[in-house]
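S.K.: Sending over data35.pdb (PDB, C-alpha atoms).
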ATOM      1  CA  MET A1432      20.816 -24.104  17.776
ATOM      2  CA  ASP A1433      23.664 -23.778  15.258
ATOM      3  CA  LYS A1434      25.810 -26.712  16.417
ATOM      4  CA  PRO A1435      25.003 -30.425  16.830
ATOM      5  CA  ILE A1436      24.758 -32.114  20.228
ATOM      6  CA  PHE A1437      25.598 -35.701  21.140
ATOM      7  CA  SER A1438      22.115 -36.646  22.326
ATOM      8  CA  GLU A1439      20.948 -36.248  18.718
ATOM      9  CA  VAL A1440      23.403 -38.956  17.684
ATOM     10  CA  TYR A1441      22.337 -41.627  20.180
ATOM     11  CA  ASP A1442      18.650 -40.750  19.976
ATOM     12  CA  PHE A1443      16.882 -44.055  19.299
ATOM     13  CA  GLU A1444      14.966 -42.719  16.289
ATOM     14  CA  ASN A1445      18.212 -41.502  14.743
ATOM     15  CA  LEU A1446      19.861 -44.874  15.335
ATOM     16  CA  TYR A1447      16.841 -46.645  13.839
ATOM     17  CA  CYS A1448      16.928 -44.448  10.720
ATOM     18  CA  ALA A1449      20.677 -44.978  10.451
ATOM     19  CA  ALA A1450      20.162 -48.744  10.642
ATOM     20  CA  TYR A1451      17.486 -48.605   7.965
ATOM     21  CA  GLU A1452      19.728 -46.569   5.648
ATOM     22  CA  THR A1453      22.610 -48.966   6.224
ATOM     23  CA  ILE A1454      20.712 -52.218   5.843
ATOM     24  CA  GLN A1455      18.124 -51.435   3.171
ATOM     25  CA  ASP A1456      20.297 -52.230   0.147
ATOM     26  CA  LYS A1457      21.847 -55.325   1.759
ATOM     27  CA  LYS A1458      18.940 -56.852   3.626
ATOM     28  CA  TYR A1459      19.567 -60.301   2.192
ATOM     29  CA  TYR A1460      23.126 -60.589   3.532
ATOM     30  CA  PRO A1461      23.424 -63.001   6.518
ATOM     31  CA  GLU A1462      24.969 -60.387   8.812
ATOM     32  CA  GLU A1463      22.193 -57.920   8.059
ATOM     33  CA  LEU A1464      19.474 -60.534   8.478
ATOM     34  CA  GLN A1465      20.793 -61.594  11.871
ATOM     35  CA  PHE A1466      21.120 -58.002  13.073
ATOM     36  CA  ALA A1467      17.679 -57.031  11.730
ATOM     37  CA  SER A1468      16.011 -59.981  13.456
ATOM     38  CA  ASN A1469      17.020 -58.458  16.822
ATOM     39  CA  LEU A1470      17.058 -54.844  15.679
ATOM     40  CA  GLU A1471      15.568 -53.136  18.730
ATOM     41  CA  GLU A1472      17.755 -55.062  21.153
ATOM     42  CA  GLU A1473      20.903 -54.418  19.111
ATOM     43  CA  LEU A1474      20.167 -50.697  18.793
ATOM     44  CA  ILE A1475      19.492 -50.309  22.509
ATOM     45  CA  LYS A1476      22.809 -52.012  23.214
ATOM     46  CA  LEU A1477      24.543 -49.679  20.777
ATOM     47  CA  GLN A1478      22.754 -46.685  22.277
ATOM     48  CA  ASN A1479      23.998 -47.555  25.773
ATOM     49  CA  GLU A1480      27.557 -47.960  24.505
ATOM     50  CA  LEU A1481      27.408 -44.467  23.030
ATOM     51  CA  ILE A1482      25.825 -42.912  26.126
ATOM     52  CA  TRP A1483      28.424 -44.428  28.466
ATOM     53  CA  HIS A1484      31.342 -43.951  26.053
ATOM     54  CA  SER A1485      32.062 -47.675  26.036
ATOM     55  CA  TYR A1486      31.669 -48.000  22.276
ATOM     56  CA  ILE A1487      34.695 -49.620  20.609
ATOM     57  CA  PRO A1488      34.776 -50.022  16.813
ATOM     58  CA  GLY A1489      35.132 -53.524  15.423
ATOM     59  CA  ASP A1490      37.590 -54.664  12.804
ATOM     60  CA  TYR A1491      37.655 -53.407   9.237
ATOM     61  CA  TYR A1492      37.362 -55.619   6.207
ATOM     62  CA  TYR A1493      40.010 -54.547   3.694
ATOM     63  CA  PHE A1494      39.789 -55.130  -0.044
ATOM     64  CA  TRP A1495      41.147 -53.655  -3.265
ATOM     65  CA  VAL A1496      39.133 -52.022  -6.027
ATOM     66  CA  TYR A1497      40.483 -51.181  -9.459
ATOM     67  CA  ASP A1498      37.882 -48.738 -10.824
ATOM     68  CA  PRO A1499      39.226 -46.375 -12.043
ATOM     69  CA  LYS A1500      42.525 -46.946 -10.208
ATOM     70  CA  LYS A1501      43.819 -49.323  -7.565
ATOM     71  CA  ARG A1502      42.563 -48.304  -4.119
ATOM     72  CA  LEU A1503      42.424 -50.027  -0.740
ATOM     73  CA  ILE A1504      38.887 -49.826   0.680
ATOM     74  CA  CYS A1505      38.076 -50.316   4.351
ATOM     75  CA  ALA A1506      34.619 -51.679   5.122
ATOM     76  CA  PRO A1507      33.499 -51.397   8.774
ATOM     77  CA  GLU A1508      31.337 -54.008  10.452
ATOM     78  CA  LEU A1509      27.578 -53.471  10.236
ATOM     79  CA  ARG A1510      27.123 -52.001  13.730
ATOM     80  CA  ASP A1511      30.011 -49.608  13.051
ATOM     81  CA  ARG A1512      28.487 -48.528   9.737
ATOM     82  CA  ILE A1513      25.300 -47.721  11.654
ATOM     83  CA  VAL A1514      27.269 -45.551  14.093
ATOM     84  CA  HIS A1515      29.031 -43.785  11.216
ATOM     85  CA  THR A1516      25.682 -43.122   9.560
ATOM     86  CA  ALA A1517      24.092 -41.978  12.830
ATOM     87  CA  VAL A1518      26.743 -39.346  13.531
ATOM     88  CA  CYS A1519      26.818 -38.197   9.896
ATOM     89  CA  ARG A1520      23.025 -37.835   9.816
ATOM     90  CA  VAL A1521      23.337 -35.344  12.669
ATOM     91  CA  ILE A1522      26.436 -33.338  11.803
ATOM     92  CA  GLU A1523      25.819 -33.197   8.030
ATOM     93  CA  ARG A1524      22.828 -30.917   8.648
ATOM     94  CA  TYR A1525      25.157 -28.376  10.232
ATOM     95  CA  ILE A1526      28.109 -28.892   7.905
ATOM     96  CA  GLU A1527      26.366 -28.877   4.520
ATOM     97  CA  PRO A1528      25.239 -25.190   4.512
ATOM     98  CA  ARG A1529      28.777 -24.094   5.375
ATOM     99  CA  LEU A1530      30.543 -25.906   2.533
ATOM    100  CA  ASP A1531      31.589 -24.106  -0.631
ATOM    101  CA  TYR A1532      28.986 -24.146  -3.415
ATOM    102  CA  ASP A1533      31.487 -25.591  -5.898
ATOM    103  CA  SER A1534      32.563 -28.508  -3.702
ATOM    104  CA  TYR A1535      30.898 -31.473  -5.397
ATOM    105  CA  ALA A1536      31.919 -34.833  -3.918
ATOM    106  CA  CYS A1537      29.723 -36.847  -1.518
ATOM    107  CA  ARG A1538      26.947 -34.241  -1.370
ATOM    108  CA  LYS A1539      23.331 -34.576  -2.442
ATOM    109  CA  GLY A1540      22.757 -33.080  -5.878
ATOM    110  CA  LYS A1541      26.468 -32.483  -6.364
ATOM    111  CA  GLY A1542      27.880 -35.531  -8.094
ATOM    112  CA  ALA A1543      30.562 -36.004 -10.720
ATOM    113  CA  LEU A1544      28.306 -34.944 -13.602
ATOM    114  CA  ASP A1545      27.388 -31.725 -11.784
ATOM    115  CA  ALA A1546      31.081 -30.989 -11.245
ATOM    116  CA  ALA A1547      31.817 -31.704 -14.914
ATOM    117  CA  ASN A1548      28.992 -29.411 -16.026
ATOM    118  CA  ARG A1549      30.275 -26.619 -13.796
ATOM    119  CA  ALA A1550      33.808 -27.051 -15.130
ATOM    120  CA  GLY A1551      32.427 -27.003 -18.676
ATOM    121  CA  LEU A1552      30.644 -23.736 -17.932
ATOM    122  CA  TYR A1553      33.892 -22.148 -16.757
ATOM    123  CA  ALA A1554      35.790 -23.616 -19.719
ATOM    124  CA  ASN A1555      33.514 -21.580 -22.000
ATOM    125  CA  LYS A1556      34.370 -18.360 -20.153
ATOM    126  CA  TYR A1557      38.109 -18.667 -19.546
ATOM    127  CA  SER A1558      41.115 -19.469 -21.718
ATOM    128  CA  HIS A1559      43.287 -21.361 -19.227
ATOM    129  CA  PHE A1560      43.114 -23.487 -16.098
ATOM    130  CA  VAL A1561      45.350 -25.028 -13.466
ATOM    131  CA  TYR A1562      44.442 -28.570 -12.433
ATOM    132  CA  PHE A1563      45.409 -29.808  -8.954
ATOM    133  CA  ASP A1564      45.544 -33.251  -7.380
ATOM    134  CA  ILE A1565      46.676 -33.992  -3.819
ATOM    135  CA  LYS A1566      49.205 -36.750  -3.227
ATOM    136  CA  GLY A1567      47.825 -39.735  -1.260
ATOM    137  CA  PHE A1568      44.986 -37.605   0.041
ATOM    138  CA  PHE A1569      43.007 -39.882   2.384
ATOM    139  CA  ASP A1570      46.154 -41.609   3.650
ATOM    140  CA  SER A1571      47.816 -38.247   4.384
ATOM    141  CA  ILE A1572      45.125 -36.450   6.403
ATOM    142  CA  PRO A1573      46.418 -35.963   9.977
ATOM    143  CA  VAL A1574      43.772 -36.775  12.572
ATOM    144  CA  LEU A1575      44.439 -34.072  15.171
ATOM    145  CA  PRO A1576      44.477 -31.152  12.668
ATOM    146  CA  LEU A1577      41.306 -32.600  11.145
ATOM    147  CA  GLU A1578      39.656 -32.579  14.568
ATOM    148  CA  GLU A1579      40.802 -28.986  15.078
ATOM    149  CA  VAL A1580      38.995 -28.015  11.877
ATOM    150  CA  TYR A1581      35.833 -29.728  13.122
ATOM    151  CA  LEU A1582      36.052 -27.774  16.394
ATOM    152  CA  LYS A1583      36.899 -24.494  14.686
ATOM    153  CA  ARG A1584      34.160 -24.568  12.046
ATOM    154  CA  PHE A1585      31.459 -27.103  12.771
ATOM    155  CA  VAL A1586      31.303 -29.044  16.043
ATOM    156  CA  ASP A1587      31.891 -27.803  19.589
ATOM    157  CA  ASP A1588      30.364 -30.800  21.392
ATOM    158  CA  SER A1589      33.090 -32.752  23.234
ATOM    159  CA  GLU A1590      31.131 -36.012  23.143
ATOM    160  CA  ILE A1591      30.659 -35.895  19.387
ATOM    161  CA  MET A1592      34.371 -35.207  19.091
ATOM    162  CA  TRP A1593      35.029 -38.215  21.362
ATOM    163  CA  LEU A1594      33.052 -40.408  18.973
ATOM    164  CA  LEU A1595      34.745 -39.022  15.863
ATOM    165  CA  HIS A1596      38.159 -39.454  17.476
ATOM    166  CA  THR A1597      37.293 -43.041  18.389
ATOM    167  CA  ILE A1598      36.348 -43.732  14.763
ATOM    168  CA  PHE A1599      39.347 -41.954  13.252
ATOM    169  CA  MET A1600      41.913 -43.639  15.514
ATOM    170  CA  LYS A1601      40.795 -47.211  14.840
ATOM    171  CA  ASP A1602      43.810 -48.941  13.209
ATOM    172  CA  CYS A1603      45.460 -45.533  12.792
ATOM    173  CA  ASN A1604      48.777 -44.075  13.957
ATOM    174  CA  GLY A1605      47.439 -40.515  13.790
ATOM    175  CA  VAL A1606      47.715 -39.995  10.040
ATOM    176  CA  GLY A1607      45.180 -41.130   7.451
ATOM    177  CA  ILE A1608      41.446 -41.749   7.425
ATOM    178  CA  LYS A1609      39.839 -44.841   5.976
ATOM    179  CA  LYS A1610      38.568 -44.866   2.384
ATOM    180  CA  GLY A1611      35.132 -46.488   2.280
ATOM    181  CA  CYS A1612      33.647 -44.979   5.451
ATOM    182  CA  ARG A1613      30.897 -42.396   5.387
ATOM    183  CA  THR A1614      32.611 -40.440   8.151
ATOM    184  CA  SER A1615      35.771 -40.309   6.038
ATOM    185  CA  GLN A1616      33.971 -38.908   2.997
ATOM    186  CA  LEU A1617      32.370 -36.186   5.076
ATOM    187  CA  SER A1618      35.596 -35.456   6.939
ATOM    188  CA  ALA A1619      37.558 -35.091   3.712
ATOM    189  CA  ASN A1620      35.181 -32.323   2.647
ATOM    190  CA  VAL A1621      35.407 -30.766   6.114
ATOM    191  CA  TYR A1622      39.216 -30.719   5.983
ATOM    192  CA  LEU A1623      39.446 -29.290   2.462
ATOM    193  CA  ASN A1624      36.839 -26.679   3.318
ATOM    194  CA  GLU A1625      39.845 -24.817   4.745
ATOM    195  CA  LEU A1626      41.388 -24.900   1.277
ATOM    196  CA  ASP A1627      38.110 -23.703  -0.251
ATOM    197  CA  HIS A1628      38.123 -20.695   2.085
ATOM    198  CA  PHE A1629      41.727 -19.896   1.206
ATOM    199  CA  ILE A1630      41.101 -20.088  -2.542
ATOM    200  CA  ARG A1631      37.887 -18.063  -2.392
ATOM    201  CA  HIS A1632      38.788 -15.389   0.135
ATOM    202  CA  THR A1633      42.572 -15.059  -0.015
ATOM    203  CA  LEU A1634      43.330 -15.899  -3.647
ATOM    204  CA  LYS A1635      39.989 -14.389  -4.748
ATOM    205  CA  ALA A1636      39.374 -17.159  -7.303
ATOM    206  CA  LYS A1637      36.007 -16.718  -9.001
ATOM    207  CA  ALA A1638      36.028 -19.834 -11.188
ATOM    208  CA  TYR A1639      36.879 -22.804  -8.996
ATOM    209  CA  VAL A1640      35.564 -26.383  -8.887
ATOM    210  CA  ARG A1641      36.561 -29.122  -6.444
ATOM    211  CA  TYR A1642      35.638 -32.789  -6.445
ATOM    212  CA  MET A1643      37.238 -34.222  -3.293
ATOM    213  CA  ASP A1644      41.010 -33.799  -3.808
ATOM    214  CA  ASP A1645      40.781 -32.988  -7.536
ATOM    215  CA  PHE A1646      40.201 -29.292  -8.173
ATOM    216  CA  ILE A1647      40.548 -26.694 -10.932
ATOM    217  CA  ILE A1648      40.894 -22.911 -11.065
ATOM    218  CA  PHE A1649      40.081 -21.117 -14.328
ATOM    219  CA  SER A1650      41.356 -17.726 -15.483
ATOM    220  CA  ASN A1651      42.376 -15.730 -18.551
ATOM    221  CA  ASP A1652      45.563 -14.736 -16.719
ATOM    222  CA  VAL A1653      48.236 -17.466 -16.813
ATOM    223  CA  GLU A1654      50.466 -15.554 -14.378
ATOM    224  CA  TYR A1655      47.628 -15.516 -11.862
ATOM    225  CA  LEU A1656      47.263 -19.291 -12.245
ATOM    226  CA  LYS A1657      50.996 -19.735 -11.619
ATOM    227  CA  PHE A1658      50.638 -17.596  -8.505
ATOM    228  CA  CYS A1659      47.697 -19.729  -7.336
ATOM    229  CA  TRP A1660      49.712 -22.896  -7.910
ATOM    230  CA  ALA A1661      52.570 -21.683  -5.725
ATOM    231  CA  GLU A1662      50.310 -20.310  -2.978
ATOM    232  CA  ILE A1663      48.114 -23.417  -2.826
ATOM    233  CA  ALA A1664      51.164 -25.699  -2.623
ATOM    234  CA  ARG A1665      52.456 -23.585   0.279
ATOM    235  CA  PHE A1666      49.070 -23.497   2.043
ATOM    236  CA  LEU A1667      48.584 -27.249   1.760
ATOM    237  CA  GLU A1668      52.013 -28.006   3.206
ATOM    238  CA  GLU A1669      52.020 -25.394   5.969
ATOM    239  CA  LYS A1670      48.388 -25.441   7.073
ATOM    240  CA  LEU A1671      46.974 -28.844   6.114
ATOM    241  CA  PHE A1672      50.167 -30.963   6.012
ATOM    242  CA  LEU A1673      49.376 -32.204   2.511
ATOM    243  CA  LYS A1674      51.283 -32.093  -0.784
ATOM    244  CA  LEU A1675      50.356 -31.748  -4.434
ATOM    245  CA  ASN A1676      51.372 -34.602  -6.698
ATOM    246  CA  ASP A1677      53.000 -34.406 -10.122
ATOM    247  CA  LYS A1678      49.619 -34.428 -11.915
ATOM    248  CA  THR A1679      49.209 -30.695 -11.261
ATOM    249  CA  PHE A1680      49.564 -28.625 -14.448
ATOM    250  CA  ILE A1681      48.413 -25.517 -16.342
ATOM    251  CA  GLY A1682      46.596 -25.957 -19.651
ATOM    252  CA  ALA A1683      44.467 -24.207 -22.266
ATOM    253  CA  THR A1684      40.719 -24.871 -22.175
ATOM    254  CA  SER A1685      40.692 -24.964 -25.984
ATOM    255  CA  GLN A1686      42.646 -28.242 -25.814
ATOM    256  CA  GLY A1687      40.177 -29.884 -23.452
ATOM    257  CA  PHE A1688      41.002 -31.478 -20.102
ATOM    258  CA  GLU A1689      40.126 -34.527 -18.014
ATOM    259  CA  PHE A1690      38.140 -34.072 -14.835
ATOM    260  CA  VAL A1691      35.972 -36.413 -12.714
ATOM    261  CA  GLY A1692      35.917 -39.120 -15.371
ATOM    262  CA  TYR A1693      35.125 -36.895 -18.363
ATOM    263  CA  ARG A1694      37.080 -35.275 -21.160
ATOM    264  CA  ILE A1695      35.761 -31.714 -21.156
ATOM    265  CA  PHE A1696      35.902 -29.270 -24.056
ATOM    266  CA  LYS A1697      34.491 -25.774 -24.418
ATOM    267  CA  ASP A1698      31.206 -26.847 -26.007
ATOM    268  CA  TYR A1699      30.840 -30.491 -25.046
ATOM    269  CA  LYS A1700      32.221 -33.351 -22.991
ATOM    270  CA  ILE A1701      32.814 -37.030 -23.654
ATOM    271  CA  ILE A1702      33.529 -40.050 -21.482
ATOM    272  CA  ARG A1703      37.102 -41.231 -21.241
ATOM    273  CA  LYS A1704      38.233 -44.277 -23.197
ATOM    274  CA  THR A1705      39.158 -45.996 -19.956
ATOM    275  CA  ALA A1706      35.467 -45.932 -18.964
ATOM    276  CA  LEU A1707      34.545 -47.773 -22.154
ATOM    277  CA  ASP A1708      37.348 -50.272 -21.548
ATOM    278  CA  ARG A1709      36.007 -50.982 -18.056
ATOM    279  CA  SER A1710      32.518 -51.507 -19.495
ATOM    280  CA  ALA A1711      33.929 -54.009 -21.984
ATOM    281  CA  GLU A1712      35.731 -55.865 -19.179
ATOM    282  CA  THR A1713      32.560 -56.003 -17.067
ATOM    283  CA  LEU A1714      30.546 -57.226 -20.045
ATOM    284  CA  LYS A1715      33.061 -60.009 -20.739
ATOM    285  CA  SER A1716      33.094 -61.037 -17.075
ATOM    286  CA  TRP A1717      29.288 -61.193 -17.066
ATOM    287  CA  LYS A1718      29.219 -63.231 -20.269
ATOM    288  CA  ASP A1719      31.770 -65.654 -18.761
ATOM    289  CA  GLY A1720      29.707 -66.001 -15.578
ATOM    290  CA  LYS A1721      32.260 -64.246 -13.355
ATOM    291  CA  VAL A1722      29.846 -61.394 -12.560
ATOM    292  CA  ASP A1723      26.242 -62.077 -11.481
ATOM    293  CA  ASP A1724      23.285 -60.506 -13.278
ATOM    294  CA  LEU A1725      22.392 -58.010 -10.539
ATOM    295  CA  SER A1726      25.957 -56.663 -10.301
ATOM    296  CA  PHE A1727      26.157 -56.398 -14.073
ATOM    297  CA  TYR A1728      22.831 -54.548 -14.357
ATOM    298  CA  ARG A1729      23.832 -52.106 -11.616
ATOM    299  CA  SER A1730      27.202 -51.494 -13.264
ATOM    300  CA  THR A1731      25.559 -50.945 -16.638
ATOM    301  CA  ALA A1732      22.999 -48.519 -15.216
ATOM    302  CA  SER A1733      25.824 -46.600 -13.543
ATOM    303  CA  ARG A1734      27.758 -46.384 -16.812
ATOM    304  CA  VAL A1735      24.731 -45.167 -18.740
ATOM    305  CA  GLY A1736      24.060 -42.566 -16.061
ATOM    306  CA  HIS A1737      27.705 -41.482 -16.282
ATOM    307  CA  CYS A1738      27.265 -40.856 -20.003
ATOM    308  CA  GLN A1739      24.111 -38.756 -19.750
ATOM    309  CA  GLY A1740      24.576 -35.189 -20.841
ATOM    310  CA  THR A1741      27.699 -36.007 -22.841
ATOM    311  CA  ALA A1742      28.403 -36.283 -26.570
ATOM    312  CA  SER A1743      29.148 -39.982 -25.942
ATOM    313  CA  TYR A1744      25.661 -40.911 -24.716
ATOM    314  CA  LYS A1745      23.998 -42.012 -27.958
ATOM    315  CA  TRP A1746      27.082 -43.771 -29.237
ATOM    316  CA  TYR A1747      27.659 -45.527 -25.889
ATOM    317  CA  CYS A1748      24.077 -46.793 -25.666
ATOM    318  CA  GLU A1749      24.219 -48.135 -29.238
ATOM    319  CA  TYR A1750      27.515 -49.856 -28.467
ATOM    320  CA  LEU A1751      26.097 -51.330 -25.277
ATOM    321  CA  LEU A1752      22.966 -52.665 -26.985
ATOM    322  CA  LYS A1753      25.017 -54.350 -29.703
ATOM    323  CA  ALA A1754      27.413 -55.840 -27.168
ATOM    324  CA  LEU A1755      24.543 -57.109 -25.011
ATOM    325  CA  LYS A1756      22.899 -58.718 -28.038
ATOM    326  CA  PHE A1757      26.032 -60.680 -28.904
ATOM    327  CA  ALA A1758      26.704 -61.564 -25.270
ATOM    328  CA  LEU A1759      23.167 -62.933 -24.808
ATOM    329  CA  ILE A1760      23.518 -65.017 -27.966
ATOM    330  CA  ASP A1761      26.827 -66.429 -26.709
ATOM    331  CA  ARG A1762      25.323 -67.234 -23.303
ATOM    332  CA  ALA A1763      22.345 -68.971 -24.921
ATOM    333  CA  GLU A1764      24.647 -71.091 -27.066
ATOM    334  CA  ASP A1765      26.704 -72.061 -24.028
TER     335      ASP A1765
END
Go ahead and render the structure in this file as structure tokens.
M.R.:
Amino acid sequence: MDKPIFSEVYDFENLYCAAYETIQDKKYYPEELQFASNLEEELIKLQNELIWHSYIPGDYYYFWVYDPKKRLICAPELRDRIVHTAVCRVIERYIEPRLDYDSYACRKGKGALDAANRAGLYANKYSHFVYFDIKGFFDSIPVLPLEEVYLKRFVDDSEIMWLLHTIFMKDCNGVGIKKGCRTSQLSANVYLNELDHFIRHTLKAKAYVRYMDDFIIFSNDVEYLKFCWAEIARFLEEKLFLKLNDKTFIGATSQGFEFVGYRIFKDYKIIRKTALDRSAETLKSWKDGKVDDLSFYRSTASRVGHCQGTASYKWYCEYLLKALKFALIDRAED
């Protein structure tokens, strides 16, 4: 079988595993505790809604995040997050092997550091690059063309497509998918897989790295990069109904470039100053009691992990230890 089927989605074991994945890191939240206390009953109810196509998504919780830039995040209700996870658990197995090797976002073993390392490898081989960024990416993805890509490449089960359509169209006028949903992250990669195919097979790009809607092509031929720029802009507008923003540019690898949160040079990479500034803000908020210990420790661990493999790692850890020392002294005095 090379395509997923709907019965895999509503299979009770799949729903149970999806619930476990969704709840495990938030098991002390009241909503999760209440749901978990009647887990079997709630999952059977959800299973029947899926089988009989009576499932209706609940409301989203909207909130803003400012790391690294201002973004509106949409958090589904718990039961909806379980459904999102259940369908992704099934279709990801079929989608993952078909994605481009150098697509790095929201895939196991292909995080931001992996993308930065790959870009650094190409920076050592080529003299120039063209950096692309898509304007308002998530908010600009049209639902029906997205579903056509699913049908064309990955899913030919009408019931799975019914479920995806139901999820996509919640609070939607037909354009835009919600940032913060697991189905949206997967679908963004599915949609831009069309771009990956175009760049690989039509433009014949050998050195190409994409992290969601940020992507780079490397070459020693600047005219070829200009050609790629024009052709990609045309393809995005005509085939995917998307546009490049004004961040797109051609540069020399010898000057370094920013990508996925790093400043990348031919022989090394460093973290951006904005990352250090955010760490300082988080540290101050923790010291002032505005951020709880668990959130601060998780944020710090994430920052340290972000620095690993960069020229900034040793310096950042020394800075962090000194800052923590002074912050602990201040908290003790208070």
S.K.: Grab the CA of Lys1697 (chain A) to CA of Asn1555 (chain A) distance for me, in Å with one decimal place.
M.R.: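 That distance, rounded to one decimal, is 4.9 Å.
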S.K.: Could you tell me, as a list in words, exactly which residues end up selected when the PyMOL selection byres ((chain A and resi 1579) around 12) is applied to this structure?
M.R.: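 That selection, the PyMOL selection byres ((chain A and resi 1579) around 12), comes back as Pro1573, Val1574, Leu1575, Pro1576, Leu1577, Glu1578, Val1580, Tyr1581, Leu1582, Lys1583, Arg1584, Phe1585, Val1586, Asp1587, Ser1589, Met1592, Leu1595, His1596, Ser1618, Val1621, Tyr1622, Glu1625, Lys1670 and Leu1671 of chain A.
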S.K.: Translate the PyMOL selection byres ((chain A and resi 1626) around 12), as applied to the file shown, into an explicit residue set as a PDB file with C-alpha atoms, in the frame of the given file.
M.R.:
ATOM      1  CA  LEU A1530      30.543 -25.906   2.533  1.00  0.00           C
ATOM      2  CA  ASP A1531      31.589 -24.106  -0.631  1.00  0.00           C
ATOM      3  CA  SER A1534      32.563 -28.508  -3.702  1.00  0.00           C
ATOM      4  CA  ILE A1565      46.676 -33.992  -3.819  1.00  0.00           C
ATOM      5  CA  VAL A1580      38.995 -28.015  11.877  1.00  0.00           C
ATOM      6  CA  ALA A1619      37.558 -35.091   3.712  1.00  0.00           C
ATOM      7  CA  ASN A1620      35.181 -32.323   2.647  1.00  0.00           C
ATOM      8  CA  VAL A1621      35.407 -30.766   6.114  1.00  0.00           C
ATOM      9  CA  TYR A1622      39.216 -30.719   5.983  1.00  0.00           C
ATOM     10  CA  LEU A1623      39.446 -29.290   2.462  1.00  0.00           C
ATOM     11  CA  ASN A1624      36.839 -26.679   3.318  1.00  0.00           C
ATOM     12  CA  GLU A1625      39.845 -24.817   4.745  1.00  0.00           C
ATOM     13  CA  ASP A1627      38.110 -23.703  -0.251  1.00  0.00           C
ATOM     14  CA  HIS A1628      38.123 -20.695   2.085  1.00  0.00           C
ATOM     15  CA  PHE A1629      41.727 -19.896   1.206  1.00  0.00           C
ATOM     16  CA  ILE A1630      41.101 -20.088  -2.542  1.00  0.00           C
ATOM     17  CA  ARG A1631      37.887 -18.063  -2.392  1.00  0.00           C
ATOM     18  CA  HIS A1632      38.788 -15.389   0.135  1.00  0.00           C
ATOM     19  CA  THR A1633      42.572 -15.059  -0.015  1.00  0.00           C
ATOM     20  CA  LEU A1634      43.330 -15.899  -3.647  1.00  0.00           C
ATOM     21  CA  ALA A1636      39.374 -17.159  -7.303  1.00  0.00           C
ATOM     22  CA  TYR A1639      36.879 -22.804  -8.996  1.00  0.00           C
ATOM     23  CA  VAL A1640      35.564 -26.383  -8.887  1.00  0.00           C
ATOM     24  CA  ARG A1641      36.561 -29.122  -6.444  1.00  0.00           C
ATOM     25  CA  MET A1643      37.238 -34.222  -3.293  1.00  0.00           C
ATOM     26  CA  ASP A1644      41.010 -33.799  -3.808  1.00  0.00           C
ATOM     27  CA  ASP A1645      40.781 -32.988  -7.536  1.00  0.00           C
ATOM     28  CA  PHE A1646      40.201 -29.292  -8.173  1.00  0.00           C
ATOM     29  CA  CYS A1659      47.697 -19.729  -7.336  1.00  0.00           C
ATOM     30  CA  GLU A1662      50.310 -20.310  -2.978  1.00  0.00           C
ATOM     31  CA  ILE A1663      48.114 -23.417  -2.826  1.00  0.00           C
ATOM     32  CA  ALA A1664      51.164 -25.699  -2.623  1.00  0.00           C
ATOM     33  CA  ARG A1665      52.456 -23.585   0.279  1.00  0.00           C
ATOM     34  CA  PHE A1666      49.070 -23.497   2.043  1.00  0.00           C
ATOM     35  CA  LEU A1667      48.584 -27.249   1.760  1.00  0.00           C
ATOM     36  CA  GLU A1668      52.013 -28.006   3.206  1.00  0.00           C
ATOM     37  CA  GLU A1669      52.020 -25.394   5.969  1.00  0.00           C
ATOM     38  CA  LYS A1670      48.388 -25.441   7.073  1.00  0.00           C
ATOM     39  CA  LEU A1671      46.974 -28.844   6.114  1.00  0.00           C
ATOM     40  CA  PHE A1672      50.167 -30.963   6.012  1.00  0.00           C
ATOM     41  CA  LEU A1673      49.376 -32.204   2.511  1.00  0.00           C
TER      42      LEU A1673
END
S.K.: Quick one, how far is CA of Trp1483 (chain A) from CA of Tyr1441 (chain A)?
M.R.: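 Atom-to-atom, CA of Trp1483 (chain A) to CA of Tyr1441 (chain A), that is 10.7 Å.
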S.K.: Could you name the residues that touch Lys1556 (chain A) at 10 Å or less, counting only C-alpha atoms, but leaving out those on the same chain fewer than 5 positions away, as a ChimeraX atom specification?
M.R.: /A:1551,1638,1649-1651,1684,1697
